$ cat structure.pdb   # PDB, C-alpha atoms
MODEL        1
ATOM      1  CA  MET A   6     -83.373 -49.221 -58.375
ATOM      2  CA  MET A   7     -84.352 -52.820 -57.550
ATOM      3  CA  ARG A   8     -81.803 -52.926 -54.686
ATOM      4  CA  ARG A   9     -83.210 -49.691 -53.199
ATOM      5  CA  LEU A  10     -86.748 -51.100 -53.417
ATOM      6  CA  SER A  11     -85.633 -54.323 -51.705
ATOM      7  CA  LEU A  12     -83.969 -52.410 -48.870
ATOM      8  CA  THR A  13     -87.073 -50.255 -48.451
ATOM      9  CA  ALA A  14     -89.316 -53.323 -48.410
ATOM     10  CA  ALA A  15     -87.053 -54.997 -45.845
ATOM     11  CA  ALA A  16     -87.105 -51.894 -43.626
ATOM     12  CA  VAL A  17     -90.908 -51.679 -43.798
ATOM     13  CA  LEU A  18     -91.192 -55.381 -42.932
ATOM     14  CA  LEU A  19     -88.803 -55.020 -39.987
ATOM     15  CA  LEU A  20     -90.648 -51.984 -38.640
ATOM     16  CA  SER A  21     -93.976 -53.803 -38.909
ATOM     17  CA  ILE A  22     -92.637 -56.794 -36.939
ATOM     18  CA  LEU A  23     -91.070 -54.765 -34.077
ATOM     19  CA  PRO A  24     -94.397 -53.972 -32.341
ATOM     20  CA  LEU A  25     -95.208 -57.700 -32.363
ATOM     21  CA  ALA A  26     -91.880 -58.552 -30.750
ATOM     22  CA  SER A  27     -92.500 -55.988 -28.031
ATOM     23  CA  ALA A  28     -95.992 -57.325 -27.433
ATOM     24  CA  VAL A  29     -94.781 -60.863 -26.692
ATOM     25  CA  ALA A  30     -92.123 -59.844 -24.154
ATOM     26  CA  ALA A  31     -93.289 -60.698 -20.643
ATOM     27  CA  ASP A  32     -93.299 -58.105 -17.869
ATOM     28  CA  LEU A  33     -91.589 -58.917 -14.564
ATOM     29  CA  THR A  34     -93.304 -56.000 -12.792
ATOM     30  CA  GLY A  35     -95.678 -57.065 -10.026
ATOM     31  CA  LYS A  36     -95.890 -59.719  -7.316
ATOM     32  CA  TRP A  37     -94.981 -63.395  -7.687
ATOM     33  CA  THR A  38     -95.170 -66.404  -5.334
ATOM     34  CA  THR A  39     -94.851 -70.188  -5.284
ATOM     35  CA  ASP A  40     -97.258 -70.948  -2.464
ATOM     36  CA  GLY A  41     -97.768 -67.691  -0.589
ATOM     37  CA  ARG A  42     -94.950 -68.275   1.917
ATOM     38  CA  TYR A  43     -92.668 -65.827   0.118
ATOM     39  CA  VAL A  44     -93.870 -62.989  -2.105
ATOM     40  CA  PHE A  45     -91.418 -61.462  -4.582
ATOM     41  CA  THR A  46     -92.150 -57.879  -5.669
ATOM     42  CA  PHE A  47     -90.504 -56.321  -8.719
ATOM     43  CA  THR A  48     -90.775 -52.623  -9.654
ATOM     44  CA  ARG A  49     -89.357 -50.827 -12.646
ATOM     45  CA  ALA A  50     -88.515 -47.135 -12.887
ATOM     46  CA  GLY A  51     -87.142 -46.362 -16.350
ATOM     47  CA  ASN A  52     -84.403 -48.911 -16.978
ATOM     48  CA  ALA A  53     -83.761 -49.593 -13.280
ATOM     49  CA  TRP A  54     -85.320 -52.507 -11.386
ATOM     50  CA  THR A  55     -85.867 -52.755  -7.636
ATOM     51  CA  GLY A  56     -87.376 -55.535  -5.648
ATOM     52  CA  SER A  57     -87.865 -57.389  -2.415
ATOM     53  CA  VAL A  58     -89.032 -60.730  -1.138
ATOM     54  CA  ARG A  59     -91.315 -60.806   1.887
ATOM     55  CA  GLU A  60     -91.770 -63.774   4.193
ATOM     56  CA  ALA A  61     -95.548 -63.885   4.705
ATOM     57  CA  ALA A  62     -95.510 -65.520   8.161
ATOM     58  CA  THR A  63     -93.145 -62.972   9.744
ATOM     59  CA  GLY A  64     -93.341 -59.942   7.443
ATOM     60  CA  ARG A  65     -89.543 -59.920   7.172
ATOM     61  CA  GLU A  66     -88.201 -58.506   3.924
ATOM     62  CA  PHE A  67     -85.065 -59.217   1.972
ATOM     63  CA  LYS A  68     -83.747 -56.881  -0.716
ATOM     64  CA  LEU A  69     -83.361 -58.053  -4.310
ATOM     65  CA  ALA A  70     -80.241 -56.684  -6.014
ATOM     66  CA  ASP A  71     -78.763 -56.499  -9.512
ATOM     67  CA  ILE A  72     -82.057 -57.379 -11.209
ATOM     68  CA  VAL A  73     -81.596 -57.976 -14.934
ATOM     69  CA  VAL A  74     -84.243 -58.824 -17.531
ATOM     70  CA  ILE A  75     -82.967 -59.821 -20.983
ATOM     71  CA  ASP A  76     -85.273 -59.853 -24.006
ATOM     72  CA  GLY A  77     -88.291 -59.936 -21.684
ATOM     73  CA  GLU A  78     -87.771 -63.613 -20.970
ATOM     74  CA  ARG A  79     -84.509 -64.250 -19.096
ATOM     75  CA  VAL A  80     -84.172 -63.000 -15.539
ATOM     76  CA  SER A  81     -81.387 -62.880 -12.958
ATOM     77  CA  PHE A  82     -81.045 -61.269  -9.539
ATOM     78  CA  PHE A  83     -79.637 -61.760  -6.036
ATOM     79  CA  VAL A  84     -81.520 -62.174  -2.759
ATOM     80  CA  VAL A  85     -79.501 -60.200  -0.198
ATOM     81  CA  HIS A  86     -79.134 -61.627   3.322
ATOM     82  CA  ASP A  87     -77.619 -58.883   5.477
ATOM     83  CA  ALA A  88     -79.922 -58.403   8.489
ATOM     84  CA  ALA A  89     -78.763 -59.271  12.010
ATOM     85  CA  TRP A  90     -82.129 -60.987  12.698
ATOM     86  CA  ASP A  91     -81.650 -63.361   9.729
ATOM     87  CA  GLU A  92     -80.973 -66.873  11.056
ATOM     88  CA  GLU A  93     -78.925 -67.687   7.961
ATOM     89  CA  VAL A  94     -76.683 -64.646   8.537
ATOM     90  CA  GLN A  95     -76.273 -65.704  12.178
ATOM     91  CA  ALA A  96     -75.356 -69.236  11.058
ATOM     92  CA  ASN A  97     -72.827 -67.657   8.682
ATOM     93  CA  GLY A  98     -70.959 -66.049  11.572
ATOM     94  CA  GLY A  99     -72.820 -62.762  11.177
ATOM     95  CA  ARG A 100     -71.498 -62.303   7.649
ATOM     96  CA  ALA A 101     -73.882 -61.105   4.944
ATOM     97  CA  PHE A 102     -74.249 -63.133   1.770
ATOM     98  CA  ARG A 103     -76.352 -63.340  -1.381
ATOM     99  CA  ASN A 104     -78.321 -66.126  -3.015
ATOM    100  CA  THR A 105     -78.290 -66.227  -6.798
ATOM    101  CA  ALA A 106     -81.452 -66.510  -8.859
ATOM    102  CA  SER A 107     -81.758 -66.921 -12.607
ATOM    103  CA  GLY A 108     -84.367 -68.305 -14.909
ATOM    104  CA  THR A 109     -87.124 -67.629 -17.387
ATOM    105  CA  LEU A 110     -90.170 -65.415 -17.464
ATOM    106  CA  THR A 111     -93.533 -65.723 -19.217
ATOM    107  CA  ASP A 112     -96.721 -63.709 -18.723
ATOM    108  CA  THR A 113     -97.890 -66.116 -16.010
ATOM    109  CA  ALA A 114     -94.795 -67.901 -14.658
ATOM    110  CA  LEU A 115     -91.351 -67.027 -13.312
ATOM    111  CA  THR A 116     -89.135 -70.109 -13.090
ATOM    112  CA  ILE A 117     -85.860 -69.609 -11.209
ATOM    113  CA  SER A 118     -83.050 -71.642  -9.741
ATOM    114  CA  GLY A 119     -80.017 -70.705  -7.739
ATOM    115  CA  ALA A 120     -77.866 -71.254  -4.677
ATOM    116  CA  ARG A 121     -75.666 -69.366  -2.260
ATOM    117  CA  GLU A 122     -73.311 -67.162  -4.251
ATOM    118  CA  GLY A 123     -69.787 -68.498  -4.487
ATOM    119  CA  THR A 124     -70.470 -71.802  -2.719
ATOM    120  CA  GLY A 125     -73.407 -73.416  -4.494
ATOM    121  CA  GLU A 126     -74.845 -74.383  -1.094
ATOM    122  CA  ARG A 127     -78.600 -74.625  -0.586
ATOM    123  CA  ALA A 128     -79.435 -75.069  -4.260
ATOM    124  CA  TYR A 129     -83.100 -74.576  -5.104
ATOM    125  CA  LYS A 130     -85.557 -74.401  -7.983
ATOM    126  CA  ALA A 131     -88.923 -72.629  -7.887
ATOM    127  CA  GLU A 132     -91.779 -71.883 -10.233
ATOM    128  CA  MET A 133     -93.696 -68.791  -9.245
ATOM    129  CA  LYS A 134     -97.072 -67.567 -10.429
ATOM    130  CA  ARG A 135     -98.081 -63.946 -10.780
ATOM    131  CA  VAL A 136    -100.305 -62.825  -7.893
ATOM    132  CA  GLU A 137    -100.499 -59.144  -8.781
ATOM    133  CA  SER A 138    -100.098 -57.596 -12.203
ATOM    134  CA  PRO A 139     -98.597 -54.210 -12.871
ATOM    135  CA  LYS A 140    -101.004 -51.344 -12.592
TER     136      LYS A 140
ENDMDL
END
$ encode --input "structure.pdb" --output "structure tokens"
Amino acid sequence: MMRRLSLTAAAVLLLSILPLASAVAADLTGKWTTDGRYVFTFTRAGNAWTGSVREAATGREFKLADIVVIDGERVSFFVVHDAAWDEEVQANGGRAFRNTASGTLTDTALTISGAREGTGERAYKAEMKRVESPK
């Protein structure tokens, strides 16, 4: 009887903590930027994420691919460079490529680092602030 009571008490405690754990998980949805030059937009539909990064000066957009959010705090994705107008694609002999991005997420900051996939070239680190919250 005591063991059953202990298991019941543990289950009640666990169920009471779960809403708190969900409440602290940050939400990637919305718009993020470092300084306004590039604006990253993340959208979620069910379990699927989509996104893009827009260059403010030119309006050019790059697709974000394979977006993953783990435990509401770790993030990874790729910035896809595949457009003929992209100077980096031209410098790469016209071949498309992806830049990696991974990092951490809080309610107000998205800190990422990465480089060109497979080569490590053009390594970067950025801390972005939320500029538009989810609606």
$ residues_around --input "structure.pdb" --residues "stretch 49-62 of chain A" --least-positions-apart "6" --cutoff "10 Å" --atoms "only C-alpha atoms" --output "list in words"
Asp32, Leu33, Thr34, Gly35, Lys36, Trp37, Thr38, Gly41, Arg42, Tyr43, Lys68, Leu69, Ala70, Asp71, Ile72, Val73, Val74, Phe82, Phe83, Val84, Val85 and Pro139 of chain A
$ atom_distance --input "structure.pdb" --atom1 "atom CA of A:Thr105" --atom2 "atom CA of A:Gly119"
4.9 Å
$ atom_distance --input "structure.pdb" --atom1 "atom CA of A:Gly108" --atom2 "atom CA of A:Val80"
5.3 Å
$ atom_distance --input "structure.pdb" --atom1 "atom CA of A:Ala106" --atom2 "atom CA of A:Glu126"
12.9 Å
$ closest_residue --input "structure.pdb" --among "A:Glu92, A:Glu137, A:Glu122, A:Asp87" --to "A:Ser107" --atoms "only C-alpha atoms"
A:Glu122
$ closest_residue --input "structure.pdb" --among "A:Thr109, A:Thr39, A:Thr116, A:Thr48" --to "A:Arg79" --atoms "all atoms listed in the file"
A:Thr109
$ build_atoms --input "structure.pdb" --residues "stretch 78-114 of chain A" --atoms "N, CA and C atoms" --output "PDB file, in the coordinates of the input"
ATOM      1  N   GLU A  78     -87.521 -62.204 -21.288  1.00  0.00           N
ATOM      2  CA  GLU A  78     -87.771 -63.613 -20.970  1.00  0.00           C
ATOM      3  C   GLU A  78     -86.717 -64.268 -20.082  1.00  0.00           C
ATOM      4  N   ARG A  79     -85.536 -63.704 -19.994  1.00  0.00           N
ATOM      5  CA  ARG A  79     -84.509 -64.250 -19.096  1.00  0.00           C
ATOM      6  C   ARG A  79     -84.291 -63.278 -17.949  1.00  0.00           C
ATOM      7  N   VAL A  80     -84.226 -63.823 -16.736  1.00  0.00           N
ATOM      8  CA  VAL A  80     -84.172 -63.000 -15.539  1.00  0.00           C
ATOM      9  C   VAL A  80     -83.029 -63.473 -14.649  1.00  0.00           C
ATOM     10  N   SER A  81     -82.360 -62.525 -13.999  1.00  0.00           N
ATOM     11  CA  SER A  81     -81.387 -62.880 -12.958  1.00  0.00           C
ATOM     12  C   SER A  81     -81.392 -61.795 -11.892  1.00  0.00           C
ATOM     13  N   PHE A  82     -81.116 -62.210 -10.652  1.00  0.00           N
ATOM     14  CA  PHE A  82     -81.045 -61.269  -9.539  1.00  0.00           C
ATOM     15  C   PHE A  82     -80.409 -61.974  -8.352  1.00  0.00           C
ATOM     16  N   PHE A  83     -80.161 -61.219  -7.286  1.00  0.00           N
ATOM     17  CA  PHE A  83     -79.637 -61.760  -6.036  1.00  0.00           C
ATOM     18  C   PHE A  83     -80.629 -61.462  -4.916  1.00  0.00           C
ATOM     19  N   VAL A  84     -80.780 -62.411  -4.001  1.00  0.00           N
ATOM     20  CA  VAL A  84     -81.520 -62.174  -2.759  1.00  0.00           C
ATOM     21  C   VAL A  84     -80.459 -61.872  -1.708  1.00  0.00           C
ATOM     22  N   VAL A  85     -80.527 -60.667  -1.128  1.00  0.00           N
ATOM     23  CA  VAL A  85     -79.501 -60.200  -0.198  1.00  0.00           C
ATOM     24  C   VAL A  85     -79.877 -60.584   1.232  1.00  0.00           C
ATOM     25  N   HIS A  86     -78.978 -61.276   1.901  1.00  0.00           N
ATOM     26  CA  HIS A  86     -79.134 -61.627   3.322  1.00  0.00           C
ATOM     27  C   HIS A  86     -78.101 -60.814   4.095  1.00  0.00           C
ATOM     28  N   ASP A  87     -78.567 -59.739   4.750  1.00  0.00           N
ATOM     29  CA  ASP A  87     -77.619 -58.883   5.477  1.00  0.00           C
ATOM     30  C   ASP A  87     -78.155 -58.389   6.817  1.00  0.00           C
ATOM     31  N   ALA A  88     -79.322 -58.873   7.234  1.00  0.00           N
ATOM     32  CA  ALA A  88     -79.922 -58.403   8.489  1.00  0.00           C
ATOM     33  C   ALA A  88     -79.454 -59.240   9.677  1.00  0.00           C
ATOM     34  N   ALA A  89     -79.222 -58.582  10.798  1.00  0.00           N
ATOM     35  CA  ALA A  89     -78.763 -59.271  12.010  1.00  0.00           C
ATOM     36  C   ALA A  89     -79.791 -60.297  12.502  1.00  0.00           C
ATOM     37  N   TRP A  90     -81.087 -60.062  12.243  1.00  0.00           N
ATOM     38  CA  TRP A  90     -82.129 -60.987  12.698  1.00  0.00           C
ATOM     39  C   TRP A  90     -82.216 -62.252  11.828  1.00  0.00           C
ATOM     40  N   ASP A  91     -81.584 -62.239  10.680  1.00  0.00           N
ATOM     41  CA  ASP A  91     -81.650 -63.361   9.729  1.00  0.00           C
ATOM     42  C   ASP A  91     -80.876 -64.563  10.279  1.00  0.00           C
ATOM     43  N   GLU A  92     -81.602 -65.659  10.498  1.00  0.00           N
ATOM     44  CA  GLU A  92     -80.973 -66.873  11.056  1.00  0.00           C
ATOM     45  C   GLU A  92     -79.840 -67.393  10.177  1.00  0.00           C
ATOM     46  N   GLU A  93     -79.983 -67.222   8.861  1.00  0.00           N
ATOM     47  CA  GLU A  93     -78.925 -67.687   7.961  1.00  0.00           C
ATOM     48  C   GLU A  93     -77.669 -66.827   8.088  1.00  0.00           C
ATOM     49  N   VAL A  94     -77.831 -65.531   8.309  1.00  0.00           N
ATOM     50  CA  VAL A  94     -76.683 -64.646   8.537  1.00  0.00           C
ATOM     51  C   VAL A  94     -76.015 -65.028   9.858  1.00  0.00           C
ATOM     52  N   GLN A  95     -76.824 -65.285  10.881  1.00  0.00           N
ATOM     53  CA  GLN A  95     -76.273 -65.704  12.178  1.00  0.00           C
ATOM     54  C   GLN A  95     -75.488 -67.000  12.031  1.00  0.00           C
ATOM     55  N   ALA A  96     -76.045 -67.958  11.266  1.00  0.00           N
ATOM     56  CA  ALA A  96     -75.356 -69.236  11.058  1.00  0.00           C
ATOM     57  C   ALA A  96     -74.092 -69.075  10.219  1.00  0.00           C
ATOM     58  N   ASN A  97     -73.993 -67.951   9.508  1.00  0.00           N
ATOM     59  CA  ASN A  97     -72.827 -67.657   8.682  1.00  0.00           C
ATOM     60  C   ASN A  97     -71.836 -66.769   9.437  1.00  0.00           C
ATOM     61  N   GLY A  98     -71.886 -66.821  10.753  1.00  0.00           N
ATOM     62  CA  GLY A  98     -70.959 -66.049  11.572  1.00  0.00           C
ATOM     63  C   GLY A  98     -71.232 -64.558  11.542  1.00  0.00           C
ATOM     64  N   GLY A  99     -72.474 -64.175  11.234  1.00  0.00           N
ATOM     65  CA  GLY A  99     -72.820 -62.762  11.177  1.00  0.00           C
ATOM     66  C   GLY A  99     -72.449 -62.088   9.870  1.00  0.00           C
ATOM     67  N   ARG A 100     -71.918 -62.867   8.939  1.00  0.00           N
ATOM     68  CA  ARG A 100     -71.498 -62.303   7.649  1.00  0.00           C
ATOM     69  C   ARG A 100     -72.654 -62.328   6.646  1.00  0.00           C
ATOM     70  N   ALA A 101     -72.857 -61.195   5.982  1.00  0.00           N
ATOM     71  CA  ALA A 101     -73.882 -61.105   4.944  1.00  0.00           C
ATOM     72  C   ALA A 101     -73.495 -61.973   3.753  1.00  0.00           C
ATOM     73  N   PHE A 102     -74.493 -62.366   2.983  1.00  0.00           N
ATOM     74  CA  PHE A 102     -74.249 -63.133   1.770  1.00  0.00           C
ATOM     75  C   PHE A 102     -75.418 -62.923   0.823  1.00  0.00           C
ATOM     76  N   ARG A 103     -75.274 -63.444  -0.395  1.00  0.00           N
ATOM     77  CA  ARG A 103     -76.352 -63.340  -1.381  1.00  0.00           C
ATOM     78  C   ARG A 103     -76.650 -64.715  -1.953  1.00  0.00           C
ATOM     79  N   ASN A 104     -77.910 -64.934  -2.280  1.00  0.00           N
ATOM     80  CA  ASN A 104     -78.321 -66.126  -3.015  1.00  0.00           C
ATOM     81  C   ASN A 104     -78.563 -65.708  -4.457  1.00  0.00           C
ATOM     82  N   THR A 105     -78.077 -66.509  -5.389  1.00  0.00           N
ATOM     83  CA  THR A 105     -78.290 -66.227  -6.798  1.00  0.00           C
ATOM     84  C   THR A 105     -79.679 -66.686  -7.217  1.00  0.00           C
ATOM     85  N   ALA A 106     -80.191 -66.084  -8.260  1.00  0.00           N
ATOM     86  CA  ALA A 106     -81.452 -66.510  -8.859  1.00  0.00           C
ATOM     87  C   ALA A 106     -81.383 -66.190 -10.343  1.00  0.00           C
ATOM     88  N   SER A 107     -81.685 -67.164 -11.171  1.00  0.00           N
ATOM     89  CA  SER A 107     -81.758 -66.921 -12.607  1.00  0.00           C
ATOM     90  C   SER A 107     -82.764 -67.884 -13.205  1.00  0.00           C
ATOM     91  N   GLY A 108     -83.377 -67.445 -14.292  1.00  0.00           N
ATOM     92  CA  GLY A 108     -84.367 -68.305 -14.909  1.00  0.00           C
ATOM     93  C   GLY A 108     -85.091 -67.641 -16.039  1.00  0.00           C
ATOM     94  N   THR A 109     -86.334 -68.086 -16.260  1.00  0.00           N
ATOM     95  CA  THR A 109     -87.124 -67.629 -17.387  1.00  0.00           C
ATOM     96  C   THR A 109     -88.446 -67.031 -16.925  1.00  0.00           C
ATOM     97  N   LEU A 110     -88.963 -66.173 -17.768  1.00  0.00           N
ATOM     98  CA  LEU A 110     -90.170 -65.415 -17.464  1.00  0.00           C
ATOM     99  C   LEU A 110     -91.170 -65.549 -18.608  1.00  0.00           C
ATOM    100  N   THR A 111     -92.431 -65.811 -18.262  1.00  0.00           N
ATOM    101  CA  THR A 111     -93.533 -65.723 -19.217  1.00  0.00           C
ATOM    102  C   THR A 111     -94.566 -64.778 -18.604  1.00  0.00           C
ATOM    103  N   ASP A 112     -95.682 -64.589 -19.273  1.00  0.00           N
ATOM    104  CA  ASP A 112     -96.721 -63.709 -18.723  1.00  0.00           C
ATOM    105  C   ASP A 112     -97.272 -64.216 -17.399  1.00  0.00           C
ATOM    106  N   THR A 113     -97.250 -65.541 -17.191  1.00  0.00           N
ATOM    107  CA  THR A 113     -97.890 -66.116 -16.010  1.00  0.00           C
ATOM    108  C   THR A 113     -96.950 -66.866 -15.082  1.00  0.00           C
ATOM    109  N   ALA A 114     -95.709 -67.108 -15.491  1.00  0.00           N
ATOM    110  CA  ALA A 114     -94.795 -67.901 -14.658  1.00  0.00           C
ATOM    111  C   ALA A 114     -93.389 -67.310 -14.646  1.00  0.00           C
TER     112      ALA A 114
END
